[in-house]
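Listing of entry_38.txt, compact mmCIF, C-alpha atoms
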# COMPACT_ATOMS: atom_id res chain seq x y z
CA MET A 1 20.98 -51.71 -77.92
CA THR A 2 21.27 -50.41 -74.42
CA ALA A 3 19.73 -51.92 -71.32
CA GLN A 4 17.14 -49.15 -71.37
CA GLU A 5 16.11 -50.13 -74.87
CA TYR A 6 15.57 -53.74 -73.88
CA ALA A 7 13.46 -52.60 -70.94
CA PHE A 8 11.52 -50.29 -73.26
CA LEU A 9 10.86 -53.11 -75.74
CA VAL A 10 9.47 -55.35 -72.98
CA VAL A 11 7.24 -52.55 -71.68
CA ALA A 12 6.14 -51.58 -75.20
CA VAL A 13 5.15 -55.15 -76.10
CA ILE A 14 3.13 -55.52 -72.88
CA GLY A 15 1.50 -52.11 -73.39
CA GLY A 16 0.71 -52.78 -77.03
CA LEU A 17 -0.90 -56.13 -76.28
CA ALA A 18 -2.92 -54.54 -73.47
CA ALA A 19 -4.07 -51.78 -75.84
CA VAL A 20 -5.24 -54.36 -78.38
CA ALA A 21 -7.04 -56.17 -75.57
CA VAL A 22 -8.79 -52.91 -74.60
CA VAL A 23 -10.42 -52.45 -77.98
CA THR A 24 -11.21 -56.12 -78.60
CA ALA A 25 -12.42 -57.22 -75.15
CA ARG A 26 -16.01 -58.46 -75.10
CA ASN A 27 -16.39 -57.59 -71.45
CA VAL A 28 -16.43 -53.84 -70.80
CA VAL A 29 -15.07 -54.06 -67.25
CA HIS A 30 -12.19 -56.22 -68.50
CA ALA A 31 -11.49 -53.54 -71.10
CA ALA A 32 -11.20 -50.92 -68.34
CA LEU A 33 -8.76 -53.16 -66.45
CA TYR A 34 -6.66 -53.74 -69.60
CA LEU A 35 -6.64 -49.95 -69.98
CA VAL A 36 -4.93 -49.76 -66.58
CA VAL A 37 -2.13 -52.02 -67.86
CA ALA A 38 -1.71 -50.06 -71.09
CA LEU A 39 -1.63 -46.68 -69.35
CA ALA A 40 0.78 -47.93 -66.70
CA CYS A 41 3.12 -49.20 -69.42
CA ILE A 42 3.03 -45.78 -71.07
CA GLY A 43 3.86 -44.21 -67.70
CA VAL A 44 6.81 -46.59 -67.28
CA THR A 45 8.00 -45.53 -70.75
CA PHE A 46 7.93 -41.90 -69.61
CA LEU A 47 10.06 -42.87 -66.62
CA LEU A 48 12.49 -44.77 -68.87
CA VAL A 49 13.19 -41.76 -71.08
CA GLY A 50 13.76 -39.64 -67.98
CA ALA A 51 10.50 -37.70 -67.81
CA GLU A 52 10.11 -38.45 -64.17
CA PHE A 53 7.45 -35.91 -63.17
CA VAL A 54 5.20 -36.59 -66.16
CA GLY A 55 5.60 -40.34 -65.63
CA TRP A 56 4.34 -40.23 -62.06
CA THR A 57 1.60 -37.77 -63.03
CA GLN A 58 0.51 -40.23 -65.71
CA ILE A 59 0.31 -43.07 -63.21
CA LEU A 60 -1.46 -40.96 -60.57
CA ILE A 61 -4.03 -39.29 -62.84
CA TYR A 62 -4.71 -41.95 -65.45
CA VAL A 63 -4.43 -45.14 -63.44
CA GLY A 64 -5.65 -43.56 -60.23
CA ALA A 65 -8.41 -41.22 -61.35
CA ILE A 66 -9.50 -41.61 -64.96
CA VAL A 67 -9.92 -45.38 -64.97
CA ILE A 68 -11.89 -45.15 -61.71
CA LEU A 69 -14.09 -42.57 -63.43
CA PHE A 70 -14.59 -45.01 -66.32
CA LEU A 71 -15.60 -47.76 -63.91
CA PHE A 72 -18.09 -45.37 -62.26
CA GLY A 73 -19.47 -44.56 -65.69
CA LEU A 74 -19.88 -48.25 -66.48
CA MET A 75 -21.69 -48.92 -63.21
CA LEU A 76 -24.00 -45.89 -63.56
CA THR A 77 -25.02 -46.69 -67.12
CA LYS A 78 -25.59 -50.36 -66.38
CA ALA A 79 -23.60 -50.94 -69.54
CA PRO A 80 -24.00 -54.55 -70.48
CA ILE A 81 -21.57 -55.92 -67.93
CA GLY A 82 -20.39 -59.25 -69.09
CA ARG A 83 -20.76 -59.85 -72.79
CA ASP A 84 -21.23 -56.61 -74.67
CA THR A 85 -24.38 -56.88 -76.73
CA LEU A 86 -23.72 -53.70 -78.71
CA ASP A 87 -20.82 -54.90 -80.83
CA HIS A 88 -22.30 -57.38 -83.26
CA LEU A 89 -21.50 -55.46 -86.41
CA PRO A 90 -18.76 -57.19 -88.40
CA GLN A 91 -18.68 -54.50 -91.08
CA ASN A 92 -17.63 -51.93 -88.46
CA ARG A 93 -14.79 -54.19 -87.42
CA ILE A 94 -13.62 -54.71 -91.01
CA VAL A 95 -13.71 -50.99 -91.84
CA GLY A 96 -12.03 -50.10 -88.55
CA GLY A 97 -9.32 -52.70 -89.05
CA VAL A 98 -8.56 -51.57 -92.60
CA VAL A 99 -8.44 -47.89 -91.65
CA SER A 100 -6.26 -48.45 -88.60
CA VAL A 101 -3.79 -50.67 -90.50
CA LEU A 102 -3.54 -48.06 -93.26
CA VAL A 103 -2.99 -45.27 -90.73
CA PHE A 104 -0.31 -47.32 -88.97
CA LEU A 105 1.56 -48.14 -92.18
CA GLY A 106 1.36 -44.56 -93.45
CA LEU A 107 2.45 -42.91 -90.22
CA ALA A 108 5.16 -45.46 -89.47
CA GLY A 109 6.59 -45.20 -92.98
CA LEU A 110 6.61 -41.42 -92.79
CA MET A 111 8.28 -41.36 -89.39
CA LEU A 112 10.94 -43.93 -90.28
CA ARG A 113 11.72 -41.97 -93.43
CA VAL A 114 12.27 -38.73 -91.51
CA TRP A 115 13.93 -40.30 -88.44
CA PRO A 116 15.69 -43.47 -89.60
CA MET A 117 16.67 -46.06 -87.01
CA ASP A 118 20.41 -45.36 -87.10
CA SER A 119 20.82 -41.61 -87.51
CA THR A 120 18.80 -40.16 -84.68
CA PRO A 121 20.28 -38.24 -81.79
CA ALA A 122 19.68 -39.98 -78.53
CA SER A 123 19.37 -38.11 -75.29
CA GLN A 124 22.52 -37.94 -73.21
CA GLN A 125 21.63 -36.30 -69.95
CA VAL A 126 18.49 -36.92 -67.97
CA LEU A 127 16.05 -34.05 -68.28
CA GLY A 128 12.66 -33.85 -66.69
CA SER A 129 13.09 -33.89 -62.94
CA THR A 130 10.36 -32.21 -60.94
CA ALA A 131 12.58 -29.16 -60.38
CA VAL A 132 13.22 -28.58 -64.10
CA VAL A 133 9.57 -29.14 -65.07
CA GLY A 134 8.29 -26.91 -62.28
CA GLU A 135 10.67 -24.12 -63.14
CA SER A 136 9.67 -24.16 -66.79
CA LEU A 137 5.97 -24.51 -65.96
CA PHE A 138 5.85 -21.54 -63.59
CA ARG A 139 8.28 -19.32 -65.47
CA ASP A 140 7.44 -19.75 -69.17
CA TYR A 141 3.99 -21.33 -69.10
CA VAL A 142 2.21 -19.63 -66.21
CA LEU A 143 -0.63 -18.23 -68.30
CA PRO A 144 -1.50 -21.55 -70.04
CA PHE A 145 -1.33 -23.18 -66.62
CA GLU A 146 -3.92 -20.79 -65.22
CA VAL A 147 -6.11 -21.24 -68.30
CA VAL A 148 -5.99 -25.02 -67.85
CA SER A 149 -6.97 -24.69 -64.20
CA PHE A 150 -9.92 -22.56 -65.25
CA LEU A 151 -10.84 -25.14 -67.90
CA LEU A 152 -10.84 -27.86 -65.24
CA LEU A 153 -13.13 -25.76 -63.04
CA ALA A 154 -15.51 -25.21 -65.96
CA ALA A 155 -15.47 -28.92 -66.79
CA LEU A 156 -16.19 -29.79 -63.15
CA ILE A 157 -19.20 -27.45 -62.97
CA GLY A 158 -20.37 -28.56 -66.41
CA ALA A 159 -20.23 -32.23 -65.47
CA ILE A 160 -22.22 -31.58 -62.29
CA VAL A 161 -24.84 -29.56 -64.16
CA LEU A 162 -25.14 -32.19 -66.90
CA ALA A 163 -25.33 -35.24 -64.70
CA ARG A 164 -27.61 -34.13 -61.85
CA LYS A 165 -31.27 -34.96 -61.99
CA ASP A 166 -33.69 -32.16 -62.80
CA GLU A 167 -36.21 -31.92 -59.97
CA GLY A 168 -38.79 -29.36 -60.92
CA PRO A 169 -38.01 -25.80 -61.99
CA ALA A 170 -34.76 -24.65 -60.47
CA MET B 171 19.04 -43.84 -73.96
CA ILE B 172 16.17 -45.03 -76.09
CA ARG B 173 16.28 -44.26 -79.79
CA LEU B 174 13.53 -41.92 -80.94
CA PRO B 175 12.10 -44.14 -83.77
CA LEU B 176 11.30 -46.91 -81.30
CA ILE B 177 9.18 -44.53 -79.23
CA LEU B 178 7.56 -43.14 -82.37
CA LEU B 179 6.66 -46.65 -83.57
CA PHE B 180 5.12 -47.56 -80.20
CA SER B 181 3.08 -44.38 -80.20
CA THR B 182 1.95 -44.91 -83.82
CA PHE B 183 0.80 -48.41 -82.90
CA LEU B 184 -1.18 -47.12 -79.92
CA PHE B 185 -2.77 -44.42 -82.10
CA SER B 186 -3.85 -46.98 -84.72
CA VAL B 187 -5.33 -49.23 -82.05
CA GLY B 188 -7.25 -46.21 -80.75
CA ILE B 189 -8.60 -45.48 -84.24
CA TYR B 190 -9.76 -49.07 -84.53
CA GLY B 191 -11.52 -48.78 -81.17
CA VAL B 192 -13.31 -45.57 -82.12
CA LEU B 193 -14.47 -46.99 -85.46
CA ALA B 194 -15.36 -50.54 -84.46
CA ARG B 195 -16.92 -50.27 -81.01
CA ARG B 196 -20.44 -48.95 -80.54
CA ASN B 197 -20.47 -48.68 -76.77
CA ALA B 198 -19.95 -45.00 -75.87
CA VAL B 199 -17.74 -45.80 -72.88
CA MET B 200 -15.53 -48.01 -75.06
CA VAL B 201 -15.22 -45.17 -77.58
CA LEU B 202 -14.07 -42.85 -74.78
CA MET B 203 -11.46 -45.42 -73.71
CA ALA B 204 -10.13 -45.63 -77.27
CA ILE B 205 -9.88 -41.83 -77.36
CA GLU B 206 -7.80 -42.02 -74.18
CA LEU B 207 -5.42 -44.42 -75.94
CA MET B 208 -5.01 -41.96 -78.82
CA LEU B 209 -4.34 -39.04 -76.45
CA ASN B 210 -1.70 -41.14 -74.72
CA ALA B 211 -0.04 -41.87 -78.05
CA VAL B 212 0.23 -38.11 -78.58
CA ASN B 213 1.75 -37.70 -75.11
CA LEU B 214 4.28 -40.40 -75.90
CA ASN B 215 5.37 -38.49 -79.00
CA LEU B 216 5.71 -35.27 -77.02
CA ILE B 217 7.82 -36.96 -74.34
CA GLY B 218 9.98 -38.74 -76.92
CA PHE B 219 10.75 -35.54 -78.78
CA SER B 220 11.33 -33.72 -75.49
CA ALA B 221 14.00 -36.28 -74.57
CA ALA B 222 15.57 -36.35 -78.04
CA LEU B 223 15.73 -32.57 -78.40
CA GLN B 224 16.72 -31.93 -74.76
CA ASP B 225 13.87 -29.45 -74.37
CA VAL B 226 11.54 -29.59 -71.40
CA SER B 227 8.66 -27.86 -73.24
CA GLY B 228 7.38 -31.16 -74.62
CA GLN B 229 6.83 -32.43 -71.11
CA ILE B 230 4.88 -29.29 -70.20
CA PHE B 231 2.65 -29.85 -73.22
CA ALA B 232 2.14 -33.46 -72.18
CA LEU B 233 1.00 -32.23 -68.76
CA PHE B 234 -1.51 -29.90 -70.42
CA VAL B 235 -2.78 -32.76 -72.58
CA ILE B 236 -3.27 -34.89 -69.45
CA ALA B 237 -5.26 -32.08 -67.79
CA VAL B 238 -7.46 -31.56 -70.84
CA ALA B 239 -7.99 -35.33 -71.13
CA ALA B 240 -9.19 -35.40 -67.52
CA ALA B 241 -11.70 -32.64 -68.30
CA GLU B 242 -12.78 -34.48 -71.45
CA VAL B 243 -13.43 -37.73 -69.59
CA GLY B 244 -15.46 -35.93 -66.94
CA ILE B 245 -17.69 -34.16 -69.45
CA GLY B 246 -17.84 -37.22 -71.73
CA LEU B 247 -19.01 -39.53 -68.98
CA ALA B 248 -21.58 -36.96 -67.85
CA ILE B 249 -22.94 -36.86 -71.40
CA VAL B 250 -22.97 -40.68 -71.55
CA ILE B 251 -24.91 -40.87 -68.28
CA LEU B 252 -27.38 -38.28 -69.57
CA LEU B 253 -27.73 -40.22 -72.84
CA PHE B 254 -28.42 -43.40 -70.91
CA ARG B 255 -30.99 -41.68 -68.72
CA ASN B 256 -32.90 -40.26 -71.69
CA ARG B 257 -32.61 -43.15 -74.12
CA ALA B 258 -31.82 -46.21 -71.98
CA SER B 259 -29.01 -47.01 -74.41
CA ILE B 260 -25.39 -45.94 -74.87
CA ASN B 261 -25.08 -47.13 -78.44
CA VAL B 262 -23.41 -44.27 -80.30
CA ASP B 263 -25.24 -45.23 -83.51
CA GLU B 264 -28.60 -44.49 -81.90
CA ALA B 265 -27.58 -40.98 -80.79
CA ASP B 266 -28.34 -39.49 -84.20
CA LEU B 267 -30.78 -36.70 -83.35
CA LEU B 268 -28.44 -34.03 -84.74
CA LYS B 269 -27.44 -36.04 -87.78
CA TRP B 270 -30.00 -34.88 -90.35

Can the structure in the file be given as structure tokens, please?
Amino acid sequence: MTAQEYAFLVVAVIGGLAAVAVVTARNVVHAALYLVVALACIGVTFLLVGAEFVGWTQILIYVGAIVILFLFGLMLTKAPIGRDTLDHLPQNRIVGGVVSVLVFLGLAGLMLRVWPMDSTPASQQVLGSTAVVGESLFRDYVLPFEVVSFLLLAALIGAIVLARKDEGPA
Amino acid sequence: MIRLPLILLFSTFLFSVGIYGVLARRNAVMVLMAIELMLNAVNLNLIGFSAALQDVSGQIFALFVIAVAAAEVGIGLAIVILLFRNRASINVDEADLLKW
């Protein structure tokens, strides 16, 4: 165990507990705030494995923008703030719990069989600085990058068109 | 250095928690949050493999996933707001007009 692994375990336990709190919280606003903790822990994990640019992007976009968007959505829909009155279906919870436990056991067993704990190559040099990522992004992946920017533009226009009020024939 | 299976286990756990959230919660905004957790589990896998294989492509893919997730949240919340305006409810079980 290296020092990085101990740090990762601490971050992973905090992030995992926060993720469980997100899906079990009765209060929807609390769930959004737990989501901040979980996403920040994932961002710290990115930083720990050396993916510096993606780590900071994660923290900027998810914690900074997406969670704020969720809070806006909660306010605009007057979602039952406080105790959530929608989730009184125990059979949903039982089915969801069974399915998620089965998925976890299946996936974890498969992954540990293919990449056992002791025989995996661990990264030696740090890879993922902004310079390396930028070079690869604008040399090998320019076309997907442009397509994604176009997708974001389309999503922006689509969200405006969907969410604005219709006032008479346009 | 962090061993790859540890990262894979963390990401599998997050994915399972996301599945539970999608199946068990009926509030549309909560379902979107659980989907975000699952997308982040995928990103974690991409970053872990990128570090283990010493290949920066995984990080580029993670960036694309983040961008698409941002677009998805924007459209998803617009649909939720529209649903609330038309039906005064964001229970995903009641949005069944296209079901039969």

Shell of 10 Å around Phe234 of chain B, all atoms listed in the file, local chain residues under 6 positions omitted, as a ChimeraX atom specification
/A:144-145,148-149 /B:213,228,240

Of the listed residues A:Thr2, A:Leu33, A:Arg139, A:Ile14, that which approaches chain B most closely, counting only C-alpha atoms:
A:Thr2

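Near Leu207 of chain B, within 8 Å and counting only C-alpha atoms, sit A:Ala19, A:Leu39, B:Leu184, B:Phe185, B:Val187, B:Gly188, B:Met203, B:Ala204, B:Ile205, B:Leu209, B:Asn210, B:Ala211, not including residues fewer than 2 positions from it in the same chain.
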
Got a sec to pull out which chain B residues are within 7 Å of chain A, counting all atoms listed in the file, and send them as a ChimeraX atom specification?
/B:171-175,179-180,182-184,186-187,189-191,193-197,204,217,221-222,224,226,229-230,233,240-241,244-245,247-249,251-252,254,261

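Atom CA of Tyr34 of chain A sits 28.8 Å away from atom CA of Thr130 of chain A.
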
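Among the candidate residues B:Ala265, B:Ala239, B:Ile177, B:Ala198, the one lying nearest to Phe219 of chain B is B:Ile177, with distances computed using only C-alpha atoms.
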
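Taking atom CA of Leu178 of chain B and atom CA of Gly246 of chain B as endpoints, the distance between them is 28.2 Å.
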
Work out how far atom CA of Leu143 of chain A is from atom CA of Leu202 of chain B, in Å to one decimal.
28.8 Å
